[in-house]
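Listing of final24.txt, compact mmCIF, C-alpha atoms
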```txt
# COMPACT_ATOMS: atom_id res chain seq x y z
CA MET C 1 -13.41 33.64 60.31
CA GLU C 2 -15.28 33.59 63.59
CA GLU C 3 -15.82 29.82 63.43
CA ARG C 4 -12.11 29.21 62.82
CA GLY C 5 -10.83 31.70 65.35
CA ILE C 6 -9.05 33.84 62.75
CA ARG C 7 -7.10 36.65 64.43
CA PHE C 8 -5.49 38.26 61.38
CA VAL C 9 -6.17 38.47 57.66
CA ARG C 10 -3.22 39.11 55.37
CA LEU C 11 -3.86 41.01 52.16
CA TRP C 12 -1.43 39.81 49.48
CA PHE C 13 -0.35 41.47 46.24
CA THR C 14 2.81 41.55 44.13
CA ASP C 15 5.11 44.27 42.89
CA VAL C 16 6.19 44.51 39.26
CA LEU C 17 9.08 42.08 39.76
CA GLY C 18 6.85 39.46 41.39
CA SER C 19 7.85 39.91 45.04
CA LEU C 20 4.97 39.21 47.41
CA LYS C 21 3.72 42.11 49.54
CA SER C 22 1.45 41.80 52.54
CA VAL C 23 -0.49 43.90 55.02
CA ALA C 24 -2.41 42.41 57.96
CA ILE C 25 -5.81 43.59 59.14
CA ALA C 26 -8.11 42.46 61.94
CA PRO C 27 -11.25 40.45 61.08
CA ALA C 28 -13.40 43.41 62.10
CA GLU C 29 -11.87 45.39 59.23
CA VAL C 30 -12.45 42.79 56.50
CA GLU C 31 -15.98 43.85 55.53
CA GLY C 32 -14.85 47.43 55.00
CA ALA C 33 -11.74 46.28 53.13
CA ILE C 34 -13.82 44.23 50.69
CA SER C 35 -16.20 47.10 49.98
CA GLU C 36 -13.78 50.04 50.07
CA GLY C 37 -10.24 48.60 50.01
CA VAL C 38 -7.24 49.42 52.18
CA GLY C 39 -5.17 52.49 51.27
CA PHE C 40 -1.37 52.39 51.13
CA ASP C 41 1.60 54.37 49.81
CA GLY C 42 2.29 52.98 46.35
CA SER C 43 5.58 54.89 46.02
CA ALA C 44 7.11 52.50 48.58
CA ILE C 45 6.45 49.46 46.35
CA GLU C 46 8.79 48.49 43.49
CA GLY C 47 7.39 49.88 40.25
CA PHE C 48 4.04 51.03 41.61
CA ALA C 49 4.10 54.83 41.58
CA ARG C 50 6.10 58.00 41.82
CA LEU C 51 5.84 60.14 44.95
CA TYR C 52 3.30 62.58 43.54
CA GLU C 53 0.90 59.77 42.52
CA SER C 54 1.43 57.45 45.47
CA ASP C 55 -2.06 56.88 46.90
CA MET C 56 -3.34 53.40 46.04
CA VAL C 57 -5.96 50.98 47.33
CA ALA C 58 -5.66 47.22 47.90
CA LEU C 59 -9.07 45.65 47.21
CA PRO C 60 -9.31 42.04 48.48
CA ASP C 61 -10.70 39.32 46.20
CA PRO C 62 -12.93 37.23 48.54
CA SER C 63 -12.75 34.21 46.21
CA THR C 64 -9.06 33.84 47.16
CA TYR C 65 -9.70 33.57 50.91
CA GLN C 66 -7.72 30.72 52.50
CA VAL C 67 -6.47 29.95 56.00
CA LEU C 68 -2.66 29.78 56.26
CA PRO C 69 -1.87 26.26 57.56
CA TRP C 70 1.37 27.35 59.20
CA ARG C 71 -0.43 30.03 61.24
CA GLN C 72 -2.72 27.89 63.40
CA GLY C 73 -3.59 27.81 67.08
CA GLY C 74 -4.18 31.03 68.98
CA ARG C 75 -2.87 33.20 66.13
CA SER C 76 -4.75 31.69 63.19
CA THR C 77 -4.28 33.77 60.05
CA ALA C 78 -6.00 33.82 56.65
CA ARG C 79 -5.08 35.51 53.39
CA MET C 80 -6.73 37.07 50.36
CA PHE C 81 -5.13 38.28 47.13
CA CYS C 82 -5.85 41.88 46.21
CA ASP C 83 -6.45 43.87 43.08
CA ILE C 84 -4.71 47.25 43.23
CA LYS C 85 -6.90 50.25 42.47
CA LEU C 86 -6.46 53.99 42.22
CA PRO C 87 -8.42 56.19 44.66
CA ASP C 88 -11.14 56.74 42.03
CA GLY C 89 -11.71 52.95 41.84
CA SER C 90 -10.09 52.40 38.44
CA PRO C 91 -7.54 49.57 38.06
CA SER C 92 -3.96 50.53 38.84
CA PHE C 93 -1.69 50.79 35.82
CA ALA C 94 1.04 49.13 37.92
CA ASP C 95 -0.81 46.02 39.16
CA PRO C 96 0.59 42.80 37.63
CA ARG C 97 -2.66 40.98 38.42
CA ASN C 98 -4.52 43.53 36.31
CA VAL C 99 -2.03 43.03 33.45
CA LEU C 100 -3.00 39.35 33.34
CA LYS C 101 -6.70 40.14 33.69
CA ARG C 102 -6.52 42.38 30.61
CA ALA C 103 -4.87 39.61 28.58
CA MET C 104 -7.48 37.09 29.74
CA GLN C 105 -10.25 39.52 28.82
CA ARG C 106 -8.80 39.72 25.32
CA ALA C 107 -8.87 35.92 25.13
CA GLY C 108 -12.43 35.95 26.49
CA ASP C 109 -13.49 38.38 23.76
CA MET C 110 -12.19 35.82 21.25
CA GLY C 111 -14.18 33.06 22.97
CA PHE C 112 -11.29 31.43 24.85
CA THR C 113 -10.39 30.55 28.43
CA PHE C 114 -6.65 30.17 29.08
CA TYR C 115 -5.53 27.24 31.24
CA ILE C 116 -2.13 26.64 32.81
CA HIS C 117 -0.40 23.64 34.39
CA PRO C 118 3.15 24.36 35.68
CA GLU C 119 5.99 22.02 36.64
CA ILE C 120 7.80 23.97 39.37
CA GLU C 121 11.41 23.09 40.21
CA PHE C 122 13.39 24.36 43.21
CA PHE C 123 16.39 23.53 45.36
CA LEU C 124 16.54 22.56 49.03
CA LEU C 125 19.80 23.68 50.64
CA ARG C 126 21.56 23.05 53.94
CA SER C 127 23.11 26.51 53.72
CA LEU C 128 22.76 29.57 51.48
CA GLN C 129 26.33 30.93 51.62
CA PRO C 130 27.85 28.93 50.11
CA PRO C 131 24.87 26.99 48.72
CA GLU C 132 25.01 23.32 49.77
CA PRO C 133 22.40 20.83 48.42
CA LEU C 134 20.38 19.03 51.05
CA ASP C 135 20.88 15.63 49.39
CA ASP C 136 22.78 13.75 46.68
CA GLY C 137 19.70 12.44 44.89
CA GLY C 138 19.12 12.37 41.14
CA TYR C 139 16.18 12.26 38.74
CA PHE C 140 13.22 10.30 40.19
CA ASP C 141 15.48 8.88 42.92
CA HIS C 142 13.76 7.38 45.93
CA THR C 143 16.28 8.43 48.52
CA THR C 144 16.64 9.00 52.21
CA LEU C 145 16.96 12.74 52.38
CA GLY C 146 17.82 13.27 56.05
CA ASP C 147 16.15 16.41 57.33
CA GLY C 148 14.16 16.72 54.09
CA THR C 149 12.71 13.18 54.00
CA ASP C 150 9.14 14.37 54.49
CA PHE C 151 9.54 17.74 52.78
CA ARG C 152 7.47 17.16 49.64
CA ARG C 153 4.78 15.31 51.60
CA ASP C 154 4.45 18.17 54.09
CA ALA C 155 4.51 20.81 51.34
CA ILE C 156 1.83 19.05 49.26
CA THR C 157 -0.37 18.57 52.32
CA MET C 158 -0.11 22.28 53.06
CA LEU C 159 -0.83 23.26 49.44
CA GLU C 160 -3.93 21.07 49.35
CA GLN C 161 -5.13 22.58 52.63
CA MET C 162 -5.06 25.91 50.79
CA GLY C 163 -7.12 24.58 47.89
CA ILE C 164 -4.18 24.07 45.50
CA SER C 165 -4.35 20.67 43.77
CA VAL C 166 -1.09 18.83 43.11
CA GLU C 167 -0.69 16.26 40.31
CA PHE C 168 2.61 14.68 41.37
CA SER C 169 6.09 15.37 42.69
CA HIS C 170 9.55 13.85 42.44
CA HIS C 171 13.25 14.44 42.94
CA GLU C 172 14.79 16.27 39.99
CA ALA C 173 18.13 15.73 38.20
CA ALA C 174 20.43 17.80 40.41
CA PRO C 175 21.36 17.15 44.06
CA GLY C 176 18.86 18.87 46.32
CA GLN C 177 16.52 19.67 43.40
CA HIS C 178 12.81 18.84 43.54
CA GLU C 179 9.74 19.27 41.35
CA ILE C 180 6.07 19.65 42.24
CA ASP C 181 3.46 19.87 39.46
CA LEU C 182 0.22 21.74 40.06
CA ARG C 183 -3.07 20.60 38.52
CA TYR C 184 -4.31 22.87 35.73
CA ALA C 185 -6.39 25.96 36.44
CA ASP C 186 -7.26 29.18 34.64
CA ALA C 187 -4.27 31.50 34.29
CA LEU C 188 -5.28 34.01 36.99
CA THR C 189 -5.95 31.29 39.57
CA MET C 190 -2.67 29.63 38.64
CA ALA C 191 -0.67 32.85 38.96
CA ASP C 192 -2.13 33.26 42.46
CA ASN C 193 -1.27 29.60 43.12
CA VAL C 194 2.35 30.04 42.02
CA MET C 195 2.76 32.99 44.38
CA THR C 196 1.25 30.91 47.19
CA PHE C 197 3.41 27.90 46.24
CA ARG C 198 6.63 29.87 46.72
CA VAL C 199 5.50 31.01 50.18
CA VAL C 200 4.48 27.47 51.20
CA ILE C 201 7.77 25.91 50.06
CA ARG C 202 9.79 28.49 51.99
CA GLU C 203 7.63 28.11 55.11
CA VAL C 204 7.99 24.31 55.10
CA ALA C 205 11.75 24.64 54.54
CA VAL C 206 12.15 27.01 57.49
CA SER C 207 10.08 24.70 59.70
CA GLN C 208 12.50 21.86 58.88
CA GLY C 209 15.65 23.90 59.43
CA VAL C 210 16.66 24.08 55.74
CA HIS C 211 16.48 26.64 52.94
CA ALA C 212 14.50 26.67 49.69
CA THR C 213 15.45 28.70 46.62
CA PHE C 214 13.78 29.34 43.27
CA MET C 215 16.97 30.86 41.84
CA PRO C 216 17.15 29.57 38.24
CA LYS C 217 20.83 28.43 38.35
CA PRO C 218 22.46 28.33 41.80
CA PHE C 219 25.15 25.77 40.77
CA THR C 220 27.53 25.92 37.82
CA GLN C 221 27.93 22.15 37.64
CA HIS C 222 24.25 21.17 38.02
CA ALA C 223 21.09 21.69 36.00
CA GLY C 224 19.06 24.83 36.67
CA SER C 225 15.45 25.05 37.81
CA GLY C 226 12.70 25.62 35.28
CA MET C 227 8.95 26.08 35.43
CA HIS C 228 7.78 24.25 32.30
CA THR C 229 4.38 25.71 31.52
CA HIS C 230 1.66 23.59 29.91
CA MET C 231 -0.99 25.70 28.19
CA SER C 232 -4.32 25.19 26.45
CA LEU C 233 -7.27 27.25 25.25
CA PHE C 234 -10.85 26.11 25.81
CA GLU C 235 -14.04 27.24 24.14
CA GLY C 236 -16.55 26.47 26.85
CA ASP C 237 -15.94 22.80 27.69
CA THR C 238 -14.21 22.09 24.37
CA ASN C 239 -10.43 22.01 24.05
CA ALA C 240 -9.67 24.42 21.20
CA PHE C 241 -6.24 22.84 20.68
CA TYR C 242 -7.59 19.39 19.71
CA ASP C 243 -8.34 18.13 16.21
CA ALA C 244 -8.89 14.40 15.72
CA THR C 245 -8.21 14.64 11.97
CA ASP C 246 -4.73 16.14 12.34
CA PRO C 247 -1.66 13.82 12.46
CA TYR C 248 -0.48 15.70 15.57
CA ASN C 249 -4.06 16.06 16.91
CA LEU C 250 -3.41 19.81 16.81
CA SER C 251 -6.15 22.17 15.64
CA LYS C 252 -5.48 25.21 13.45
CA THR C 253 -5.99 27.29 16.57
CA ALA C 254 -3.21 25.39 18.36
CA LYS C 255 -0.85 25.67 15.40
CA HIS C 256 -1.36 29.42 15.07
CA PHE C 257 -0.92 29.77 18.85
CA ILE C 258 2.40 27.88 18.73
CA ALA C 259 3.51 29.97 15.74
CA GLY C 260 2.73 33.14 17.69
CA LEU C 261 4.81 31.97 20.63
CA LEU C 262 7.73 31.02 18.39
CA ARG C 263 7.73 34.31 16.47
CA HIS C 264 7.54 36.47 19.59
CA ALA C 265 9.59 34.27 21.96
CA PRO C 266 12.83 36.30 21.77
CA GLU C 267 11.09 39.59 22.60
CA ILE C 268 9.11 38.18 25.57
CA THR C 269 12.07 36.35 27.11
CA ALA C 270 13.02 39.29 29.33
CA VAL C 271 9.64 38.76 31.04
CA THR C 272 9.64 34.95 31.19
CA ASN C 273 13.30 34.93 32.31
CA GLN C 274 13.76 38.21 34.13
CA TRP C 275 17.06 37.86 36.04
CA VAL C 276 20.73 37.94 35.07
CA ASN C 277 20.98 34.43 36.51
CA SER C 278 18.09 33.18 34.32
CA TYR C 279 20.41 33.11 31.29
CA LYS C 280 22.91 30.82 33.00
CA ARG C 281 20.17 28.19 32.70
CA LEU C 282 19.28 28.97 29.07
CA VAL C 283 22.62 27.71 27.79
CA SER C 284 23.04 25.38 24.83
CA GLY C 285 23.99 21.88 25.95
CA SER C 286 21.36 21.48 28.66
CA GLU C 287 17.68 20.49 28.48
CA ALA C 288 16.74 24.14 28.90
CA PRO C 289 15.88 25.62 25.50
CA SER C 290 18.20 27.99 23.63
CA TYR C 291 16.30 28.20 20.32
CA ALA C 292 12.75 29.05 19.27
CA CYS C 293 11.53 25.80 17.74
CA TRP C 294 8.95 23.14 18.48
CA GLY C 295 8.69 19.36 18.50
CA ARG C 296 6.97 16.38 20.07
CA ALA C 297 9.75 14.25 21.57
CA ASN C 298 12.43 16.93 21.25
CA ARG C 299 13.24 18.14 24.77
CA SER C 300 15.75 20.70 23.53
CA ALA C 301 12.89 22.57 21.80
CA LEU C 302 11.32 25.68 23.27
CA ILE C 303 7.82 24.27 22.74
CA ARG C 304 6.98 20.59 23.13
CA VAL C 305 3.67 18.96 22.18
CA PRO C 306 3.12 16.25 24.84
CA GLN C 307 1.48 12.96 23.92
CA PHE C 308 -1.81 12.13 25.64
CA SER C 309 -4.12 9.14 25.93
CA PRO C 310 -6.40 8.52 22.92
CA GLY C 311 -9.85 9.92 23.56
CA LYS C 312 -8.70 12.24 26.35
CA THR C 313 -9.14 15.34 24.23
CA SER C 314 -9.14 17.69 27.22
CA SER C 315 -5.43 16.91 27.66
CA ALA C 316 -4.36 18.37 24.31
CA ARG C 317 -1.86 21.08 25.22
CA ILE C 318 1.54 22.57 24.53
CA GLU C 319 4.51 22.94 26.88
CA TYR C 320 6.60 26.13 26.91
CA ARG C 321 9.96 25.20 28.43
CA ALA C 322 11.82 28.50 28.89
CA VAL C 323 9.98 29.95 31.92
CA ASP C 324 11.85 29.73 35.24
CA PRO C 325 10.40 29.68 38.79
CA ALA C 326 11.75 33.15 39.74
CA VAL C 327 9.35 34.80 37.31
CA ASN C 328 6.46 37.17 37.97
CA PRO C 329 3.74 34.69 36.91
CA TYR C 330 1.13 37.38 36.19
CA LEU C 331 3.33 39.15 33.65
CA ALA C 332 4.73 35.93 32.17
CA TYR C 333 1.33 34.35 31.58
CA ALA C 334 0.07 37.62 30.08
CA VAL C 335 2.85 37.87 27.46
CA LEU C 336 2.63 34.15 26.64
CA LEU C 337 -1.12 34.41 26.12
CA ASN C 338 -0.95 37.53 23.99
CA ALA C 339 1.87 36.12 21.84
CA GLY C 340 -0.25 33.05 21.14
CA LEU C 341 -3.40 35.09 20.50
CA LYS C 342 -1.44 37.26 18.06
CA GLY C 343 -0.59 34.11 16.14
CA ILE C 344 -4.28 33.17 16.00
CA GLU C 345 -5.42 36.65 14.95
CA GLU C 346 -2.78 36.99 12.23
CA GLU C 347 -2.94 33.28 11.28
CA TYR C 348 0.82 32.82 11.55
CA PRO C 349 1.98 29.69 9.72
CA LEU C 350 3.50 26.98 11.90
CA PRO C 351 7.15 26.22 11.03
CA GLU C 352 8.28 22.66 10.41
CA GLU C 353 8.81 20.51 13.48
CA ALA C 354 12.44 20.38 14.68
CA GLU C 355 13.18 16.66 14.74
CA ASP C 356 16.91 16.89 15.47
CA GLU C 357 18.56 18.25 18.58
CA VAL C 358 18.71 21.88 17.52
CA ARG C 359 21.82 22.65 19.55
CA ARG C 360 23.79 20.19 17.41
CA LEU C 361 23.06 22.15 14.22
CA SER C 362 25.36 24.88 13.01
CA ASP C 363 24.24 28.51 13.03
CA ARG C 364 23.95 28.36 9.24
CA GLU C 365 21.78 25.23 9.39
CA ARG C 366 19.48 26.82 11.97
CA GLN C 367 19.16 30.00 9.93
CA ALA C 368 18.36 27.97 6.82
CA ILE C 369 15.34 26.40 8.50
CA GLY C 370 14.26 29.64 10.19
CA ILE C 371 15.06 28.85 13.82
CA GLU C 372 15.87 31.91 15.93
CA GLU C 373 18.13 31.87 18.96
CA LEU C 374 16.76 33.04 22.30
CA PRO C 375 18.65 35.93 23.94
CA ARG C 376 21.99 34.84 25.42
CA ASN C 377 21.87 37.24 28.35
CA LEU C 378 19.61 39.77 30.03
CA GLU C 379 21.03 42.66 28.01
CA GLY C 380 20.12 40.96 24.74
CA ALA C 381 16.63 40.22 26.06
CA ILE C 382 16.16 43.85 27.12
CA ARG C 383 17.12 45.12 23.65
CA LEU C 384 14.55 42.87 22.00
CA MET C 385 11.87 43.84 24.51
CA GLU C 386 12.59 47.55 23.93
CA ASN C 387 11.42 47.15 20.31
CA SER C 388 8.41 44.94 21.09
CA GLU C 389 4.96 46.40 20.49
CA LEU C 390 3.47 43.16 21.79
CA VAL C 391 5.16 43.42 25.20
CA ALA C 392 4.49 47.16 25.48
CA GLU C 393 0.79 46.69 24.76
CA THR C 394 0.52 43.70 27.09
CA LEU C 395 2.23 45.25 30.10
CA GLY C 396 0.96 48.79 29.65
CA GLU C 397 3.19 51.85 29.50
CA HIS C 398 3.93 52.12 33.23
CA VAL C 399 4.88 48.48 33.89
CA TYR C 400 6.75 48.28 30.58
CA GLU C 401 8.90 51.35 31.30
CA TYR C 402 9.57 50.44 34.92
CA PHE C 403 10.45 46.84 34.08
CA LEU C 404 12.94 47.89 31.41
CA ARG C 405 14.51 50.53 33.64
CA ASN C 406 14.94 48.07 36.51
CA LYS C 407 16.46 45.39 34.26
CA ARG C 408 18.90 47.83 32.68
CA GLU C 409 20.09 48.77 36.18
CA GLU C 410 20.43 45.09 37.12
CA PHE C 411 22.55 44.28 34.09
CA ALA C 412 24.70 47.40 34.55
CA ALA C 413 25.42 46.36 38.15
CA TYR C 414 26.18 42.80 37.01
CA ARG C 415 28.70 44.00 34.40
CA GLN C 416 30.74 45.70 37.13
CA GLN C 417 31.17 42.55 39.20
CA VAL C 418 34.47 40.65 39.30
CA THR C 419 33.56 36.99 39.69
CA PRO C 420 35.46 34.10 41.33
CA TRP C 421 35.73 32.50 37.85
CA GLU C 422 37.61 35.55 36.53
CA LEU C 423 39.94 35.65 39.52
CA GLU C 424 40.73 31.95 39.29
CA ARG C 425 41.34 32.17 35.55
CA HIS C 426 43.27 35.44 35.28
CA ILE C 427 44.80 36.54 38.58
CA ARG C 428 48.06 34.62 37.99
CA VAL C 429 48.48 35.23 34.27
CA MET C 430 47.68 38.91 33.81
```
Translate the structure of the given file into structure tokens.
Amino acid sequence: MEERGIRFVRLWFTDVLGSLKSVAIAPAEVEGAISEGVGFDGSAIEGFARLYESDMVALPDPSTYQVLPWRQGGRSTARMFCDIKLPDGSPSFADPRNVLKRAMQRAGDMGFTFYIHPEIEFFLLRSLQPPEPLDDGGYFDHTTLGDGTDFRRDAITMLEQMGISVEFSHHEAAPGQHEIDLRYADALTMADNVMTFRVVIREVAVSQGVHATFMPKPFTQHAGSGMHTHMSLFEGDTNAFYDATDPYNLSKTAKHFIAGLLRHAPEITAVTNQWVNSYKRLVSGSEAPSYACWGRANRSALIRVPQFSPGKTSSARIEYRAVDPAVNPYLAYAVLLNAGLKGIEEEYPLPEEAEDEVRRLSDRERQAIGIEELPRNLEGAIRLMENSELVAETLGEHVYEYFLRNKREEFAAYRQQVTPWELERHIRVM
């Protein structure tokens, strides 16, 4: 810090819904913060504590120290992610980072390390109200994007300056929509990276006079934004998902893991798709999944098994396609991991691959082959989550109860709204 002229260090953590929180300290305070933490009022943070149990401590993780590239010059600033503790030093029941750590510990006890590689989509907008796309580009288009011409280049440069490796980027299908794919990392590192990614994208957008949004479906007429999540389990340096003797190159471990995700997908969807707007994207007829099935080339499936180069066994993985970029990544990765581990522990059988476009089948045909529908709206997702032992055990009682209470309130408020669609359709005929 002294060599780089750091003036401030920001301590980052997230609330239960995945909003980033921050407190700045001076470099002289960092040593004490690392050893003792920084106290704060947890009752002021969404989902953290009630008034009578409000004292909490933010304990910085020194391994996450990075200089913020957009805070250079005379006011250079660094950041560290924090684990949230109670005053007695025990982990906070409300800390999303701790929720993921518990799930990863469970995987570790089974001999596995959980790796993630996300494809993160977002929109660049000229204005927020009403939303106006920055460009008219389409999928993989090489276009002149006006004010956003250098956006992805600048964003990737900034991400790499913060130690976040990027695999590739491109324009997505909708006007103003872009995708940046992060190179795989263990789930905790990746959750930290996703939180950082959202800050970087917004900072670069502001610097270029535009807006960035991770809202899952800002436009009725255009595709929504997803965060397709590639996952694998490793045993040491060995990919536990690979089996050279299997026609799909999938090990028994991988098949049980997929089966666990498929069986528990409906009940974890409230976590992987946590907003009312998330379900506008998960609509039959788009590439976003609506049904719990798997396939190799089937992009309407919830889980896809990507092809990889022969001999590159470390690339064996699965892709879960429901997650959207407005998620709390700590909670989402925790429920995905535990659903898969449940499949391994219980040796769930893997259903047949869905070769057809599932959305073209009738309800009776889907039921006959055992394919469940994902929740159609947030209310349906909440009801399934309310009866889920898996989600309750993964999140812990406090996070589980707060999350459900908050989502019930969100859906209740949504139900009261009169939308422009309703007015246009009914105001003249009722």
Neighbour list for C:Val99 as a PDB file with C-alpha atoms, keeping the file's coordinate frame, cut-off 7 Å, all atoms listed in the file, skip fewer than 2 positions in-chain:
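Everything below was put into part.pdb:
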```pdb
ATOM      1  CA  ASP C  95      -0.810  46.020  39.160  1.00  0.00           C
ATOM      2  CA  PRO C  96       0.590  42.800  37.630  1.00  0.00           C
ATOM      3  CA  ARG C  97      -2.660  40.980  38.420  1.00  0.00           C
ATOM      4  CA  LYS C 101      -6.700  40.140  33.690  1.00  0.00           C
ATOM      5  CA  ARG C 102      -6.520  42.380  30.610  1.00  0.00           C
ATOM      6  CA  ALA C 103      -4.870  39.610  28.580  1.00  0.00           C
ATOM      7  CA  LEU C 331       3.330  39.150  33.650  1.00  0.00           C
ATOM      8  CA  ALA C 334       0.070  37.620  30.080  1.00  0.00           C
ATOM      9  CA  THR C 394       0.520  43.700  27.090  1.00  0.00           C
ATOM     10  CA  LEU C 395       2.230  45.250  30.100  1.00  0.00           C
TER      11      LEU C 395
END
```
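Residues with at least one atom no more than 8 Å from (2.8, 19.6, 25.6), using all atoms listed in the file, are C:His230, C:Met231, C:Arg296, C:Ile303, C:Arg304, C:Val305, C:Pro306, C:Gln307, C:Ala316, C:Arg317, C:Ile318, C:Glu319, C:Tyr320.
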- Message: So that I can check the surroundings of stretch 112-124 of chain C, please list as a VMD selection string every protein, DNA and RNA residue that reaches within 8 Å of it, counting only C-alpha atoms and ignoring chain neighbours fewer than 5 positions away.
- Response: chain C and resid 104 107 133 to 134 172 176 to 187 190 205 210 to 215 225 to 236 325 337
- Message: Env of stretch 266-275 of chain C: 7 Å cut, atoms = only C-alpha atoms, seq-sep filter 2 positions within chain, self excluded. Answer as an NGL selection string.
- Response: :C and (264 or 277-278 or 323-324 or 327 or 331-332 or 335 or 374-375 or 378 or 381-382 or 384-385 or 388 or 391)
- Task: Determine the nearest neighbour of C:Asp61 from the options C:Thr313, C:Asn249, C:Thr189, C:Ser127, counting only C-alpha atoms.
- Result: C:Thr189
- Message: I'd like the contact shell of C:Ile45 - 12 Å cut-off, only C-alpha atoms, skipping same-chain residues fewer than 5 positions apart - returned as JSON, numbers by chain.
- Response: {"C": [13, 14, 15, 16, 17, 18, 19, 20, 21, 22, 40, 50, 51, 54, 55, 56, 84, 94, 95, 402]}
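Taking atom CA of C:Leu188 and atom CA of C:Arg4 as endpoints, the distance between them is 27.1 Å.
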Could you please give me, as a PDB file with C-alpha atoms, in the coordinates of the input, the residues of protein, DNA or RNA lying at most 8 Å from (18.4, 30.2, 29.3) in the coordinate frame of the file, considering all atoms listed in the file?
```pdb
ATOM      1  CA  ASN C 273      13.300  34.930  32.310  1.00  0.00           C
ATOM      2  CA  SER C 278      18.090  33.180  34.320  1.00  0.00           C
ATOM      3  CA  TYR C 279      20.410  33.110  31.290  1.00  0.00           C
ATOM      4  CA  LYS C 280      22.910  30.820  33.000  1.00  0.00           C
ATOM      5  CA  ARG C 281      20.170  28.190  32.700  1.00  0.00           C
ATOM      6  CA  LEU C 282      19.280  28.970  29.070  1.00  0.00           C
ATOM      7  CA  VAL C 283      22.620  27.710  27.790  1.00  0.00           C
ATOM      8  CA  ALA C 288      16.740  24.140  28.900  1.00  0.00           C
ATOM      9  CA  PRO C 289      15.880  25.620  25.500  1.00  0.00           C
ATOM     10  CA  SER C 290      18.200  27.990  23.630  1.00  0.00           C
ATOM     11  CA  ALA C 322      11.820  28.500  28.890  1.00  0.00           C
ATOM     12  CA  LEU C 374      16.760  33.040  22.300  1.00  0.00           C
ATOM     13  CA  PRO C 375      18.650  35.930  23.940  1.00  0.00           C
ATOM     14  CA  ARG C 376      21.990  34.840  25.420  1.00  0.00           C
ATOM     15  CA  ASN C 377      21.870  37.240  28.350  1.00  0.00           C
TER      16      ASN C 377
END
```
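A straight line drawn from atom CA of C:Lys407 to atom CA of C:Val276 is 8.6 Å long.
Between atom CA of C:Ala26 and atom CA of C:Asp83 lies a distance of 19.0 Å.
Every protein, DNA or RNA residue with an atom at most 8 Å from stretch 152-155 of chain C, where all atoms listed in the file count and chain neighbours fewer than 3 positions away do not, is listed here: Thr149, Met158, Leu159, Ser169, Ile180, Val200, Ile201 and Val204 of chain C.
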Mind giving me the axis-aligned box for stretch 310-325 of chain C with 4 Å on every side, centre plus edges in Å to one decimal, as AutoDock Vina command-line options?
```
--center_x 1.0 --center_y 19.2 --center_z 30.9 --size_x 29.7 --size_y 29.4 --size_z 23.9
```
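Of the listed residues C:Gly39, C:Gly340, C:Pro130, C:Pro349, the one whose atoms come nearest to C:Phe241 is C:Gly340, with distances taken using all atoms listed in the file.
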